[in-house]
$ cat structure-v2.cif   # mmCIF, C-alpha atoms
data_model
loop_
_atom_site.label_atom_id
_atom_site.label_comp_id
_atom_site.auth_asym_id
_atom_site.auth_seq_id
_atom_site.Cartn_x
_atom_site.Cartn_y
_atom_site.Cartn_z
CA MET A 1 -0.95 64.80 24.71
CA SER A 2 1.73 62.59 23.12
CA ASN A 3 0.84 59.85 20.60
CA HIS A 4 3.92 57.93 21.69
CA PRO A 5 2.69 54.46 22.77
CA TRP A 6 3.50 53.64 26.39
CA TYR A 7 5.07 50.31 25.49
CA GLU A 8 7.77 51.91 23.31
CA ASP A 9 9.61 52.89 26.48
CA VAL A 10 9.23 49.53 28.24
CA PRO A 11 12.12 47.08 27.85
CA LEU A 12 11.31 43.88 25.98
CA PRO A 13 12.02 41.57 28.94
CA SER A 14 9.40 43.50 30.89
CA LEU A 15 6.87 43.22 28.08
CA MET A 16 7.60 39.50 27.82
CA ARG A 17 7.19 39.08 31.55
CA GLU A 18 3.91 40.99 31.58
CA ALA A 19 2.50 39.01 28.66
CA ARG A 20 3.86 35.55 29.31
CA ASP A 21 1.15 34.20 31.61
CA VAL A 22 -1.85 35.54 29.74
CA TYR A 23 -2.64 32.20 28.14
CA SER A 24 -1.84 30.08 31.17
CA ASP A 25 -3.97 32.30 33.44
CA ALA A 26 -6.93 32.09 31.06
CA ILE A 27 -6.44 28.35 30.56
CA ARG A 28 -6.27 27.73 34.32
CA GLN A 29 -9.52 29.65 34.81
CA ALA A 30 -11.23 27.72 32.01
CA LEU A 31 -9.99 24.35 33.29
CA ALA A 32 -11.17 25.13 36.81
CA GLY A 33 -14.58 26.10 35.42
CA ALA A 34 -14.76 22.74 33.60
CA GLY A 35 -13.86 20.76 36.72
CA CYS A 36 -10.43 19.90 35.34
CA ASP A 37 -8.15 21.89 37.64
CA ASP A 38 -5.77 18.96 38.14
CA VAL A 39 -4.32 19.04 34.62
CA PRO A 40 -0.54 19.40 35.05
CA ARG A 41 0.91 22.58 33.53
CA THR A 42 2.96 20.60 31.02
CA GLY A 43 -0.08 18.56 29.99
CA VAL A 44 -2.19 21.45 28.75
CA PHE A 45 -0.70 21.60 25.26
CA MET A 46 -0.60 17.82 24.99
CA LEU A 47 -4.36 17.64 25.46
CA ALA A 48 -4.93 20.44 22.96
CA ASP A 49 -2.59 18.80 20.42
CA LEU A 50 -4.30 15.42 20.75
CA ASP A 51 -7.70 17.02 20.37
CA ARG A 52 -6.62 18.61 17.08
CA SER A 53 -4.64 15.69 15.72
CA SER A 54 -6.74 12.64 16.49
CA PRO A 55 -10.51 12.76 16.14
CA ARG A 56 -12.09 10.09 18.27
CA PRO A 57 -11.74 7.11 18.41
CA GLY A 58 -8.25 7.33 16.84
CA PHE A 59 -5.08 6.77 18.80
CA SER A 60 -1.85 8.73 18.30
CA GLN A 61 1.64 7.37 18.63
CA GLN A 62 3.04 8.37 22.03
CA ALA A 63 6.41 9.12 20.41
CA ASP A 64 4.79 11.67 18.07
CA VAL A 65 2.96 13.35 20.94
CA VAL A 66 6.17 13.57 22.97
CA ALA A 67 8.17 14.97 20.05
CA ALA A 68 5.65 17.77 19.47
CA LEU A 69 5.83 18.88 23.09
CA GLY A 70 9.43 20.02 23.17
CA LEU A 71 9.90 18.54 26.65
CA SER A 72 12.60 16.13 27.78
CA LYS A 73 11.59 12.47 27.44
CA GLN A 74 11.50 12.11 31.20
CA ALA A 75 9.29 15.17 31.72
CA ALA A 76 6.99 14.09 28.90
CA SER A 77 6.68 10.55 30.33
CA GLN A 78 5.84 11.93 33.77
CA THR A 79 3.22 14.22 32.26
CA ILE A 80 1.64 11.35 30.35
CA ASP A 81 1.63 9.14 33.47
CA THR A 82 -0.17 11.88 35.39
CA LEU A 83 -2.70 12.47 32.63
CA VAL A 84 -3.43 8.74 32.41
CA LEU A 85 -3.73 8.47 36.21
CA ARG A 86 -6.14 11.42 36.31
CA GLU A 87 -8.20 9.95 33.49
CA TYR A 88 -7.48 12.54 30.82
CA LEU A 89 -5.67 10.05 28.58
CA GLU A 90 -6.07 6.42 27.66
CA ARG A 91 -2.83 4.56 26.90
CA ARG A 92 -2.45 1.20 25.19
CA VAL A 93 0.16 -0.90 23.41
CA ASP A 94 0.04 -0.41 19.62
CA PRO A 95 -1.64 -3.60 18.35
CA GLU A 96 0.46 -3.46 15.17
CA ASP A 97 3.79 -2.89 16.85
CA ARG A 98 4.01 -3.99 20.47
CA ARG A 99 7.14 -1.91 21.06
CA ARG A 100 5.11 1.26 20.71
CA MET A 101 2.55 2.96 22.92
CA GLU A 102 -0.49 4.88 21.75
CA LEU A 103 -2.56 7.60 23.39
CA ARG A 104 -5.98 9.10 22.98
CA LEU A 105 -8.16 11.49 24.94
CA THR A 106 -10.81 10.17 27.31
CA ASP A 107 -14.13 11.99 27.68
CA ARG A 108 -12.60 13.95 30.53
CA GLY A 109 -9.59 14.72 28.36
CA ARG A 110 -11.84 16.04 25.61
CA THR A 111 -13.66 18.26 28.09
CA ALA A 112 -10.33 19.65 29.27
CA ALA A 113 -9.03 20.09 25.71
CA SER A 114 -12.18 21.94 24.77
CA ALA A 115 -11.77 24.27 27.77
CA VAL A 116 -8.14 24.92 26.78
CA GLN A 117 -9.03 25.67 23.19
CA GLY A 118 -11.89 27.94 24.26
CA ALA A 119 -9.55 29.98 26.45
CA ILE A 120 -6.96 30.26 23.67
CA ASP A 121 -9.61 31.25 21.13
CA ALA A 122 -10.95 33.97 23.42
CA ILE A 123 -7.51 35.54 23.70
CA GLU A 124 -6.79 35.20 19.98
CA THR A 125 -10.10 36.91 19.22
CA ALA A 126 -9.33 39.75 21.62
CA LEU A 127 -5.82 40.05 20.19
CA ALA A 128 -7.09 40.17 16.60
CA GLN A 129 -9.48 42.97 17.55
CA LEU A 130 -6.80 45.01 19.28
CA ILE A 131 -3.85 44.77 16.87
CA THR A 132 -3.44 44.95 13.12
CA ALA A 133 -2.59 41.96 10.94
CA ASP A 134 0.89 43.44 10.41
CA HIS A 135 1.45 43.70 14.14
CA LEU A 136 0.24 40.12 14.57
CA ARG A 137 2.77 38.96 11.96
CA GLY A 138 5.45 40.92 13.81
CA LEU A 139 4.45 39.33 17.10
CA ARG A 140 4.73 35.85 15.60
CA ALA A 141 8.06 36.66 13.93
CA GLY A 142 9.40 38.13 17.16
CA LEU A 143 8.34 35.18 19.29
CA ALA A 144 9.81 32.79 16.73
CA ALA A 145 13.10 34.73 16.90
CA PHE A 146 13.05 34.50 20.70
CA ALA A 147 12.38 30.77 20.45
CA GLU A 148 15.25 30.27 17.98
CA LEU A 149 17.59 32.05 20.35
CA ARG A 150 16.32 29.87 23.17
CA GLU A 151 16.96 26.72 21.12
CA ARG A 152 20.47 27.90 20.34
CA GLN A 153 21.12 28.54 24.03
CA GLN A 154 19.93 25.02 24.83
CA ALA A 155 22.10 23.52 22.09
CA ASP A 156 25.13 25.50 23.32
CA HIS A 157 24.44 24.38 26.87
CA ALA A 158 24.17 20.73 25.80
CA GLY A 159 27.45 21.08 23.86
CA ASP A 160 29.18 22.58 26.90
CA ALA A 161 27.88 19.77 29.11
CA ARG A 162 29.20 17.12 26.68
CA ARG A 163 32.63 18.78 26.53
CA SER A 164 32.98 19.10 30.33
CA MET B 165 15.53 17.20 4.31
CA PRO B 166 16.08 20.69 5.72
CA ALA B 167 15.27 21.17 9.41
CA ARG B 168 11.86 22.73 10.09
CA SER B 169 11.98 26.28 11.38
CA ILE B 170 10.45 27.25 14.70
CA ALA B 171 7.70 29.15 12.88
CA ASP B 172 6.87 25.99 10.88
CA THR B 173 6.88 23.79 13.98
CA TYR B 174 4.81 25.90 16.33
CA PHE B 175 1.74 27.52 14.88
CA SER B 176 -0.03 29.20 17.74
CA ILE B 177 1.03 32.24 19.76
CA PRO B 178 0.81 30.34 23.09
CA GLU B 179 3.08 27.59 21.76
CA LEU B 180 5.58 30.16 20.52
CA MET B 181 5.44 31.94 23.87
CA ARG B 182 6.07 28.65 25.64
CA VAL B 183 9.17 27.78 23.62
CA ALA B 184 10.44 31.38 23.74
CA ARG B 185 10.20 31.54 27.51
CA GLY B 186 13.39 31.99 29.49
CA VAL B 187 15.59 33.41 26.72
CA TYR B 188 16.52 36.53 28.71
CA LYS B 189 16.97 34.60 31.93
CA ARG B 190 19.37 32.13 30.32
CA ALA B 191 21.42 34.90 28.68
CA VAL B 192 21.66 36.80 31.96
CA ASP B 193 22.35 33.73 34.11
CA GLU B 194 25.20 32.58 31.86
CA ARG B 195 26.90 35.94 32.13
CA LEU B 196 26.31 36.22 35.87
CA ALA B 197 27.83 32.78 36.43
CA ALA B 198 30.85 33.60 34.27
CA ALA B 199 31.42 36.81 36.23
CA GLY B 200 31.18 35.11 39.64
CA PHE B 201 27.66 36.29 40.50
CA GLU B 202 25.89 32.93 40.37
CA ASP B 203 24.67 33.56 43.94
CA LEU B 204 22.36 36.36 42.77
CA PRO B 205 18.81 35.03 43.35
CA THR B 206 16.46 35.18 40.34
CA PRO B 207 14.25 38.18 41.19
CA GLY B 208 17.29 39.90 42.72
CA GLY B 209 18.49 41.05 39.32
CA TYR B 210 15.31 43.05 38.83
CA LEU B 211 15.68 44.66 42.24
CA LEU B 212 19.27 45.63 41.47
CA ALA B 213 18.01 47.30 38.30
CA TYR B 214 15.36 49.21 40.25
CA LEU B 215 18.00 50.41 42.69
CA ALA B 216 20.36 51.38 39.87
CA ASN B 217 17.61 53.51 38.37
CA ASP B 218 16.70 54.85 41.81
CA GLU B 219 13.19 55.69 40.66
CA ASP B 220 10.72 53.86 42.85
CA SER B 221 9.78 53.65 46.49
CA ILE B 222 10.03 50.31 48.28
CA PRO B 223 6.25 49.58 47.97
CA ASP B 224 6.55 50.26 44.23
CA ARG B 225 9.48 47.86 43.98
CA ILE B 226 7.53 45.12 45.74
CA GLU B 227 4.61 45.65 43.36
CA GLY B 228 6.92 45.71 40.36
CA LEU B 229 8.48 42.39 41.30
CA GLY B 230 5.07 40.79 41.78
CA ILE B 231 6.01 39.28 45.13
CA LYS B 232 4.63 39.55 48.65
CA GLU B 233 6.12 41.92 51.22
CA ARG B 234 7.50 39.02 53.27
CA GLU B 235 9.19 37.56 50.18
CA PHE B 236 10.60 40.97 49.37
CA THR B 237 12.10 41.24 52.87
CA GLN B 238 13.62 37.76 52.51
CA LEU B 239 15.03 38.69 49.09
CA VAL B 240 16.63 41.81 50.52
CA ASP B 241 18.07 39.73 53.40
CA VAL B 242 19.76 37.45 50.87
CA LEU B 243 21.04 40.35 48.79
CA VAL B 244 22.47 42.07 51.90
CA LEU B 245 24.06 38.82 53.14
CA ARG B 246 25.67 38.19 49.75
CA GLY B 247 26.99 41.70 49.46
CA PHE B 248 24.84 43.04 46.61
CA VAL B 249 22.89 45.61 48.63
CA THR B 250 23.14 47.63 51.84
CA ARG B 251 20.11 48.33 54.03
CA THR B 252 19.98 51.38 56.27
CA PHE B 253 17.30 52.06 58.87
CA ARG B 254 16.66 55.72 59.67
CA PRO B 255 15.30 55.95 63.23
CA GLU B 256 14.25 59.60 62.82
CA ASP B 257 11.48 58.75 60.35
CA GLY B 258 11.36 54.95 60.63
CA THR B 259 12.20 54.40 56.98
CA VAL B 260 14.50 51.82 55.42
CA SER B 261 16.66 52.65 52.44
CA LEU B 262 18.45 50.26 50.13
CA ALA B 263 21.54 50.96 48.06
CA LEU B 264 23.73 49.00 45.69
CA THR B 265 27.20 47.95 46.78
CA ASP B 266 30.06 47.82 44.26
CA ARG B 267 29.28 44.12 43.84
CA GLY B 268 25.62 44.92 43.26
CA ARG B 269 26.50 47.56 40.65
CA ALA B 270 28.80 45.12 38.87
CA ALA B 271 26.16 42.36 38.86
CA ASN B 272 23.57 44.80 37.54
CA GLN B 273 25.89 45.76 34.71
CA VAL B 274 26.46 42.10 33.80
CA SER B 275 22.68 41.47 33.87
CA GLY B 276 22.18 44.40 31.53
CA GLU B 277 24.77 43.01 29.13
CA GLY B 278 22.92 39.66 29.01
CA ALA B 279 19.57 41.32 28.25
CA GLY B 280 21.27 43.64 25.76
CA TYR B 281 22.70 40.67 23.88
CA VAL B 282 19.21 39.23 23.36
CA ASP B 283 17.85 42.63 22.31
CA ARG B 284 20.62 43.05 19.72
CA GLU B 285 20.12 39.52 18.36
CA LEU B 286 16.43 40.24 18.00
CA GLU B 287 17.02 43.54 16.22
CA ARG B 288 19.40 41.75 13.86
CA ARG B 289 16.81 39.09 13.00
CA LEU B 290 13.69 41.24 12.71
CA THR B 291 12.63 44.13 10.52
CA GLU B 292 11.59 47.41 12.11
CA ALA B 293 7.95 46.59 11.36
CA GLU B 294 8.26 43.16 12.98
CA MET B 295 9.86 44.71 16.07
CA ALA B 296 6.97 47.18 16.28
CA GLY B 297 4.49 44.30 15.95
CA LEU B 298 6.28 42.31 18.63
CA ARG B 299 6.20 45.21 21.08
CA ARG B 300 2.60 46.08 20.33
CA GLY B 301 1.50 42.43 20.49
CA LEU B 302 3.21 41.78 23.82
CA ALA B 303 1.81 45.00 25.26
CA VAL B 304 -1.73 44.05 24.24
CA LEU B 305 -1.30 40.52 25.62
CA GLY B 306 -0.20 42.10 28.92
CA GLU B 307 -3.29 44.28 28.89
CA ILE B 308 -5.54 41.30 28.16
CA LYS B 309 -3.92 39.47 31.06
CA GLN B 310 -4.63 42.37 33.37
CA SER B 311 -8.24 42.47 32.25
CA LEU B 312 -8.52 38.75 33.06
CA THR B 313 -6.83 38.85 36.43
CA GLY B 314 -8.27 42.08 37.78
CA PRO B 315 -6.00 44.62 39.41
CA VAL B 316 -2.53 45.02 37.99
CA ILE B 317 -0.14 42.73 39.79
CA ARG B 318 3.07 43.74 38.06
CA ARG B 319 4.04 46.98 36.47
CA GLY B 320 6.77 47.48 33.96
CA LEU B 321 10.17 46.42 35.14
CA PRO B 322 13.07 48.84 35.16
CA ARG B 323 14.97 49.73 32.04
#
$ encode --input "structure-v2.cif" --output "structure tokens"
Amino acid sequence: MSNHPWYEDVPLPSLMREARDVYSDAIRQALAGAGCDDVPRTGVFMLADLDRSSPRPGFSQQADVVAALGLSKQAASQTIDTLVLREYLERRVDPEDRRRMELRLTDRGRTAASAVQGAIDAIETALAQLITADHLRGLRAGLAAFAELRERQQADHAGDARRS
Amino acid sequence: MPARSIADTYFSIPELMRVARGVYKRAVDERLAAAGFEDLPTPGGYLLAYLANDEDSIPDRIEGLGIKEREFTQLVDVLVLRGFVTRTFRPEDGTVSLALTDRGRAANQVSGEGAGYVDRELERRLTEAEMAGLRRGLAVLGEIKQSLTGPVIRRGLPR
């Protein structure tokens, strides 16, 4: 029998496609189990970020939360509106600077964030058991390289749009 | 202040996967549009690649694309209408066969060039060990996904 790993013969786009939804599938299952199945797809990482960055009862600047998401301003605003409407986030005017808005998780938001983090942790644990530390570093380096290419594509596209 | 790198900005694997998503699609779509194939529907490129390899039966192709049979039939309708594929029904055994047209072959070649560009860029940026880690890591993530979702929905896509 050959020791040649099966994935050596599979093209990278196929491996990416196979792997890409592993976190979102697990997160969806965990959110449904926690009674939070109405979290919008784009809001998942926002809840997790807020949970890490602002221990209760602290508020975070909305602009900082939006910047960390990597979404367009419009998409981020829509996501925040939905999360506020569905009682995952509390939004208020910054008392020290009334031009700014602040956000923090509600109890429901913390429940959802905890479910998200639990799902991510479960996959990270499984991953760490199944691949070596060197492979994990390679995975991170590879995904970062993909992401850099993606950013360059977006910058090129924006440049083309400005020129046309 | 120097700009922060992607690896410094996004710490977790799921965040990296999120920002990395779509890199192949964008590279392929740009080339398809430039070559006059912007009417190729998204999963159609994969089907063209299957047909170019001529390896799988139609049920295998449906499974590989991760779509329902009805969606597959609609996809083939579009590809036939737009001149990428021909569909032939054989009354003697009731089977349907699909084949690439010249336009379909050309579009498949352009798609391959787009994916090849990303592969080459990646090989240029990563060491051999990092490439091996990337492949192994993605493969294991795919296996974890399958263990979470039950039966395999998608198999490997064509080379």
$ interface_residues --input "structure-v2.cif" --of "chain B" --to "chain A" --cutoff "8 Å" --atoms "only C-alpha atoms" --output "PyMOL selection string"
chain B and resi 170-171+177-181+183-188+190-191+279+282-283+286+289-290+293-309+312-313+318-323
$ residues_around --input "structure-v2.cif" --residues "Leu239 of chain B" --least-positions-apart "2" --cutoff "8 Å" --atoms "all atoms listed in the file" --output "mmCIF file with C-alpha atoms, in the frame of the given file"
data_model
loop_
_atom_site.group_PDB
_atom_site.id
_atom_site.type_symbol
_atom_site.label_atom_id
_atom_site.label_comp_id
_atom_site.auth_asym_id
_atom_site.auth_seq_id
_atom_site.Cartn_x
_atom_site.Cartn_y
_atom_site.Cartn_z
ATOM 1 C CA PRO B 205 18.810 35.030 43.350
ATOM 2 C CA PRO B 207 14.250 38.180 41.190
ATOM 3 C CA GLY B 208 17.290 39.900 42.720
ATOM 4 C CA GLU B 235 9.190 37.560 50.180
ATOM 5 C CA PHE B 236 10.600 40.970 49.370
ATOM 6 C CA THR B 237 12.100 41.240 52.870
ATOM 7 C CA ASP B 241 18.070 39.730 53.400
ATOM 8 C CA VAL B 242 19.760 37.450 50.870
ATOM 9 C CA LEU B 243 21.040 40.350 48.790
#
$ closest_residue --input "structure-v2.cif" --among "B:Thr291, B:Ile222, B:Arg234, B:Gly247" --to "Val260 of chain B" --atoms "only C-alpha atoms"
B:Ile222
$ atom_distance --input "structure-v2.cif" --atom1 "atom CA of Glu287 of chain B" --atom2 "atom CA of Val192 of chain B"
17.7 Å
$ atom_distance --input "structure-v2.cif" --atom1 "atom CA of Ala161 of chain A" --atom2 "atom CA of Gln78 of chain A"
23.9 Å
$ residues_around --input "structure-v2.cif" --residues "Arg91 of chain A" --least-positions-apart "2" --cutoff "8 Å" --atoms "all atoms listed in the file" --output "PyMOL selection string"
chain A and resi 84+89+93+101-104
$ atom_distance --input "structure-v2.cif" --atom1 "atom CA of Gly268 of chain B" --atom2 "atom CA of Tyr281 of chain B"
20.1 Å
$ closest_residue --input "structure-v2.cif" --among "A:Gly159, A:Asp94, A:Val116, A:Gly109" --to "Gln61 of chain A" --atoms "all atoms listed in the file"
A:Asp94
$ resolve_selection --input "structure-v2.cif" --expression "the PyMOL selection byres ((chain A and resi 39) around 9)" --output "list of chain:residue names"
A:Arg28, A:Leu31, A:Cys36, A:Asp37, A:Asp38, A:Pro40, A:Arg41, A:Thr42, A:Gly43, A:Val44, A:Thr82, A:Leu83, A:Arg86, A:Tyr88, A:Ala112
$ closest_residue --input "structure-v2.cif" --among "B:Arg288, B:Glu194, B:Asp218, B:Leu211" --to "Asp160 of chain A" --atoms "all atoms listed in the file"
B:Glu194
$ closest_residue --input "structure-v2.cif" --among "A:Asp97, A:Glu90, A:Asp156, A:Asp121" --to "Gly58 of chain A" --atoms "all atoms listed in the file"
A:Glu90
$ closest_residue --input "structure-v2.cif" --among "A:Lys73, A:Arg162, A:Arg110, A:Arg98" --to "Leu50 of chain A" --atoms "only C-alpha atoms"
A:Arg110
$ decode --input "structure-v2.cif" --residues "segment 1-76 of chain A" --atoms "C-alpha atoms" --output "PDB file, in the first residue's frame"
ATOM      1  CA  MET A   1       0.000   0.000   0.000  1.00  0.00           C
ATOM      2  CA  SER A   2       1.307   3.489  -0.839  1.00  0.00           C
ATOM      3  CA  ASN A   3       2.218   6.011   1.887  1.00  0.00           C
ATOM      4  CA  HIS A   4       1.396   8.821  -0.512  1.00  0.00           C
ATOM      5  CA  PRO A   5      -1.234  10.994   1.250  1.00  0.00           C
ATOM      6  CA  TRP A   6      -4.509  11.236  -0.672  1.00  0.00           C
ATOM      7  CA  TYR A   7      -4.548  15.028  -0.495  1.00  0.00           C
ATOM      8  CA  GLU A   8      -1.259  15.387  -2.393  1.00  0.00           C
ATOM      9  CA  ASP A   9      -3.152  14.662  -5.611  1.00  0.00           C
ATOM     10  CA  VAL A  10      -6.092  16.971  -4.888  1.00  0.00           C
ATOM     11  CA  PRO A  11      -5.874  20.488  -6.328  1.00  0.00           C
ATOM     12  CA  LEU A  12      -5.688  23.294  -3.775  1.00  0.00           C
ATOM     13  CA  PRO A  13      -8.980  24.931  -4.837  1.00  0.00           C
ATOM     14  CA  SER A  14     -10.695  21.625  -4.099  1.00  0.00           C
ATOM     15  CA  LEU A  15      -9.040  21.347  -0.694  1.00  0.00           C
ATOM     16  CA  MET A  16     -10.040  24.943   0.057  1.00  0.00           C
ATOM     17  CA  ARG A  17     -13.595  24.255  -1.013  1.00  0.00           C
ATOM     18  CA  GLU A  18     -13.815  21.113   1.094  1.00  0.00           C
ATOM     19  CA  ALA A  19     -12.403  22.831   4.168  1.00  0.00           C
ATOM     20  CA  ARG A  20     -13.916  26.275   3.930  1.00  0.00           C
ATOM     21  CA  ASP A  21     -17.218  25.673   5.704  1.00  0.00           C
ATOM     22  CA  VAL A  22     -15.909  23.571   8.562  1.00  0.00           C
ATOM     23  CA  TYR A  23     -16.008  26.441  11.030  1.00  0.00           C
ATOM     24  CA  SER A  24     -19.261  27.946   9.802  1.00  0.00           C
ATOM     25  CA  ASP A  25     -21.009  24.543   9.900  1.00  0.00           C
ATOM     26  CA  ALA A  26     -19.827  23.909  13.458  1.00  0.00           C
ATOM     27  CA  ILE A  27     -20.692  27.460  14.524  1.00  0.00           C
ATOM     28  CA  ARG A  28     -24.182  27.213  13.011  1.00  0.00           C
ATOM     29  CA  GLN A  29     -24.792  23.959  14.894  1.00  0.00           C
ATOM     30  CA  ALA A  30     -23.550  25.473  18.163  1.00  0.00           C
ATOM     31  CA  LEU A  31     -25.628  28.648  17.730  1.00  0.00           C
ATOM     32  CA  ALA A  32     -28.751  26.631  16.983  1.00  0.00           C
ATOM     33  CA  GLY A  33     -28.116  24.556  20.109  1.00  0.00           C
ATOM     34  CA  ALA A  34     -27.861  27.769  22.157  1.00  0.00           C
ATOM     35  CA  GLY A  35     -31.114  29.178  20.768  1.00  0.00           C
ATOM     36  CA  CYS A  36     -29.264  31.801  18.741  1.00  0.00           C
ATOM     37  CA  ASP A  37     -29.871  30.608  15.189  1.00  0.00           C
ATOM     38  CA  ASP A  38     -30.769  34.102  13.963  1.00  0.00           C
ATOM     39  CA  VAL A  39     -27.229  35.503  14.185  1.00  0.00           C
ATOM     40  CA  PRO A  40     -26.410  36.826  10.695  1.00  0.00           C
ATOM     41  CA  ARG A  41     -23.441  35.111   9.035  1.00  0.00           C
ATOM     42  CA  THR A  42     -21.414  38.323   9.030  1.00  0.00           C
ATOM     43  CA  GLY A  43     -22.150  38.912  12.708  1.00  0.00           C
ATOM     44  CA  VAL A  44     -20.546  35.752  14.035  1.00  0.00           C
ATOM     45  CA  PHE A  45     -17.002  37.099  14.181  1.00  0.00           C
ATOM     46  CA  MET A  46     -18.188  40.454  15.490  1.00  0.00           C
ATOM     47  CA  LEU A  47     -19.729  38.773  18.527  1.00  0.00           C
ATOM     48  CA  ALA A  48     -16.614  36.679  19.105  1.00  0.00           C
ATOM     49  CA  ASP A  49     -14.350  39.742  18.750  1.00  0.00           C
ATOM     50  CA  LEU A  50     -16.421  41.790  21.194  1.00  0.00           C
ATOM     51  CA  ASP A  51     -16.435  38.940  23.677  1.00  0.00           C
ATOM     52  CA  ARG A  52     -12.623  38.820  23.606  1.00  0.00           C
ATOM     53  CA  SER A  53     -11.995  42.548  23.498  1.00  0.00           C
ATOM     54  CA  SER A  54     -14.431  44.029  25.972  1.00  0.00           C
ATOM     55  CA  PRO A  55     -15.143  42.279  29.257  1.00  0.00           C
ATOM     56  CA  ARG A  56     -18.489  43.364  30.600  1.00  0.00           C
ATOM     57  CA  PRO A  57     -19.653  46.050  31.255  1.00  0.00           C
ATOM     58  CA  GLY A  58     -17.208  47.820  28.904  1.00  0.00           C
ATOM     59  CA  PHE A  59     -18.256  49.309  25.598  1.00  0.00           C
ATOM     60  CA  SER A  60     -16.151  49.214  22.416  1.00  0.00           C
ATOM     61  CA  GLN A  61     -15.977  51.911  19.806  1.00  0.00           C
ATOM     62  CA  GLN A  62     -18.183  50.910  16.864  1.00  0.00           C
ATOM     63  CA  ALA A  63     -15.526  52.177  14.443  1.00  0.00           C
ATOM     64  CA  ASP A  64     -12.940  49.784  15.923  1.00  0.00           C
ATOM     65  CA  VAL A  65     -15.337  46.844  15.698  1.00  0.00           C
ATOM     66  CA  VAL A  66     -16.135  47.663  12.072  1.00  0.00           C
ATOM     67  CA  ALA A  67     -12.458  48.048  11.128  1.00  0.00           C
ATOM     68  CA  ALA A  68     -11.588  44.621  12.550  1.00  0.00           C
ATOM     69  CA  LEU A  69     -14.294  42.918  10.509  1.00  0.00           C
ATOM     70  CA  GLY A  70     -12.908  43.570   7.056  1.00  0.00           C
ATOM     71  CA  LEU A  71     -16.404  44.272   5.705  1.00  0.00           C
ATOM     72  CA  SER A  72     -17.567  47.315   3.770  1.00  0.00           C
ATOM     73  CA  LYS A  73     -18.958  50.080   6.000  1.00  0.00           C
ATOM     74  CA  GLN A  74     -22.432  49.485   4.631  1.00  0.00           C
ATOM     75  CA  ALA A  75     -22.329  45.726   5.238  1.00  0.00           C
ATOM     76  CA  ALA A  76     -20.913  46.241   8.723  1.00  0.00           C
TER      77      ALA A  76
END
